[in-house]
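Undergrad: Here's a structure for you.
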Amino acid sequence: MNILVLGSGGREHALAWKLAQSPKCQQLFIAPGNAGTQLVGTNLALDPMDFKAIGALCKEENIAMVVVGPEAPLVAGLVDYFQSETALSHIQMIGPDKAAAQLEGSKRVAKEFMQKHHIPTALYQSFKKDELAQGQAFLEKMQPPYVLKADGLAAGKGVLILESLQEAKDELAAMLQGKFGAASDEVVIEEFLSGREFSVFALTDGKNYQILPVAKDYKRIGEGDTGLNTGGMGAVSPVAFADEKLMQKVEERIVKPTISGIAQAGNYYRGFVFFGLIEVKGEPYVIEYNVRLGDPETEVVLPRVKNDWVQLLKAAAQETLGGEPLEIDENFACTVMAVSEGYPESYEKGKVISGLTQIPQLQDVISFHAGTKAQNKEVVTAGGRVIAFTGLGPTKEKALQHSYKALQTICFEGITYRTDIGHDA
């Protein structure tokens with residue numbers, strides 16, 4: 001079948017890399033893609049938010065499956081658009097419809113869903129623009145640190161964790177006045193949970209599910225998990241503390257009731273559920289849902305899945321996922337992200353990346369491009385997160401050695417990365 005992947009980051013490169021390995025994949029297109037995805041498929045300069053253009057492409061290229069990488073097209077209703085168009089309705093869509101995508105599109109909706117289905121999460125309350133006084137009064141009842149979350153999509157920047165009550169009150173006012181645009185028209189204030197975070201992904205056909213390998217990502221820019229939050233500086237899989245006992249609790253208390261709740265709602269959901277979890281004294285709680293794969297976790301999860309990826313996604317689309325048990329590689333996968341100097345704040349683009357041609361000669365390492373583009377027969381930086389190197393090995397330490405060897409093989413002006421990924425896992 002012909003397949004289209006939407007998106008341009010490391011997650012999409014990993015998806016394209018995995019799909020291209022399947023004999024069931026005839027032609028693979030990535031829109032818009034990056035300098036790495038063009039090595040495994042055909043890049044097309046299309047905006048994933050331009051539904052009409054995406055639909056026209058699918059008709060022209062006889063696309064049978066669309067795999068949606070980022071959340072914005074899902075929350076905006078891409079799946080609904082395809083279902084409403086007779087000429088597109090036969091295409092297998094990997095992603096939820098607009099109503100189901102609200103699990104990520106609205107923090108309040110996600111919290112209400114968890115509350116309805118008795119899924120463990122932090123205590124919370126949400127406040128709209130005209131409820132500033134009530135919100136500030138609620139903060140006075142909370143213990144620090146204070147957690148403020150923009151209700152809508154804010155490109156990963158809409159969560160604040162603050163120690164000072166006055167600062168929390170001021171930030172609440174700023175958020176409700178438009179600090180994160182329409183995303184913070186409503187703000188969720190929730191209890192701070194202290195523990196160890198980890199990521200669980202389930203592939204679902206709307207009723208059945210398969211739990212993918214567990215991962216842990218590293219959000220902060222600085223060593224020792226300090227500094228500003230980023231889209232992710234690295235990830236590891238498996239995660240030592242996510243043992244059989246904890247994962248049994250995760251499946252029974254979180255995954256099963258979530259998939260059951262999705263089925264009860266009756267919305268279209270064929271794709272991935274991301275569970276952002278935290279372990280507190282041996283008990284798992286949900287921090288957030290995403291309705292797609294995470295980045296950079298995808299770069300360590302997919303290399304550990306032995307199954308034919310097209311077959312798995314096809315089973316999800318056709319509601320036969322229960323008959324497709326996962327085969328997991330026991331090796332460790334660790335990825336480290338090379339980023340532009342200044343990220344996650346202002347940074348320059350267009351820096352030439354050298355050394356990439358030497359990467360294929362290295363053993364047990366895969367490069368996944370994130371913010372790159374081909375320019376004048378060279379590869380240059382085109383984003384904050386530039387390229388991830390995923391090392392594989394029988395131990396976490398060996399896998400990390402492969403990742404860092406690759407990082408030391410390439411170079412671009414201002415290259416930055418953390419040297420402590422995986423050290424606490």
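By convention here, the chains of the structure tokens are called A, B, ... in the order presented, each chain's residues are numbered starting at 1, and ligands are numbered starting at 1 in the order presented.
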Give me the residues within 7 Å of A:Ala370 as a ChimeraX atom specification, counting only C-alpha atoms and dropping any in the same chain fewer than 2 places off.
TA: /A:8-10,368,372,385-387
Undergrad: Need the shell around A:Met1: protein/DNA/RNA residues with any atom at most 6 Å away, counting only C-alpha atoms. Skip same-chain ones fewer than 6 positions apart. Format as an mmCIF file with N, CA and C atoms, in the first residue's frame?
TA:
```
data_model
loop_
_atom_site.group_PDB
_atom_site.id
_atom_site.type_symbol
_atom_site.label_atom_id
_atom_site.label_comp_id
_atom_site.auth_asym_id
_atom_site.auth_seq_id
_atom_site.Cartn_x
_atom_site.Cartn_y
_atom_site.Cartn_z
ATOM 1 N N CYS A 25 4.708 -1.904 2.466
ATOM 2 C CA CYS A 25 4.777 -0.478 2.097
ATOM 3 C C CYS A 25 5.355 -0.359 0.689
ATOM 4 N N GLN A 26 4.522 0.066 -0.261
ATOM 5 C CA GLN A 26 4.979 0.207 -1.643
ATOM 6 C C GLN A 26 5.642 1.557 -1.865
ATOM 7 N N ALA A 64 -3.348 4.783 0.765
ATOM 8 C CA ALA A 64 -4.260 3.874 1.465
ATOM 9 C C ALA A 64 -4.253 4.093 2.972
#
```
Undergrad: Calculated over only C-alpha atoms, which of the candidates A:Gly178, A:Gly282, A:Gly276, A:Gly95 has the smallest distance to A:Gly195?
TA: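 Closest candidate: A:Gly282.
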Undergrad: Can you tell me how far atom CA of A:Val301 sits from atom CA of A:Ile359, in Å to one decimal?
TA: 20.5 Å
Undergrad: Based on DSSP run over this structure's backbone, return all residues of stretch 142-370 of chain A in strand (DSSP E or B), as an MDAnalysis selection string.
TA: chainID A and resid 146:150 159:162 186:190 196:204 209:211 215:217 220:222 226:229 234:237 269:280 283:290 305 328 332:339 352 354 365:369
Undergrad: Check the smallest atom-to-atom distance from each of A:Lys377, A:Pro144, A:Val352, A:Asp364 to A:Glu413 using only C-alpha atoms, then report the winner.
TA: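 Distance minimum relative to A:Glu413 lands on A:Val352.
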Undergrad: Would you compute the distance between atom CA of A:Gly7 and atom CA of A:Gly393? Give it in Å to one decimal.
TA: 28.7 Å
Undergrad: With only C-alpha atoms as the counted atoms, please give the residues lying no more than 12 Å from A:Glu12, apart from itself and same-chain residues fewer than 3 positions off, as JSON, numbers by chain.
TA: {"A": [4, 5, 6, 7, 8, 9, 15, 16, 17, 18, 19, 20, 28, 29, 30, 31, 32, 33, 34, 35, 36, 37, 38, 40, 41, 43, 67, 68, 69, 70, 292, 293, 294, 295, 296, 297, 298, 299, 302, 368, 369, 370, 371]}
Undergrad: One decimal, Å: what's the distance from atom CA of A:Gln166 over to atom CA of A:Lys129, could you say?
TA: 18.5 Å
Undergrad: Select, from A:Ala265, A:Ala150, A:Ala315, A:Ala202, the residue with the minimum atom-to-atom distance to A:Gly105, counting only C-alpha atoms.
TA: A:Ala150
Undergrad: Near stretch 242-252 of chain A, within 7 Å and counting only C-alpha atoms, which residues show up once chain neighbours fewer than 3 positions away are dropped, as an NGL selection string?
TA: :A and (239 or 255-256 or 282 or 284)
Undergrad: Of the candidates A:Lys398, A:Arg270, A:His423, A:Lys141, which one gets nearest to A:Pro96 if we count only C-alpha atoms?
TA: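 Nearest to A:Pro96: A:Arg270.
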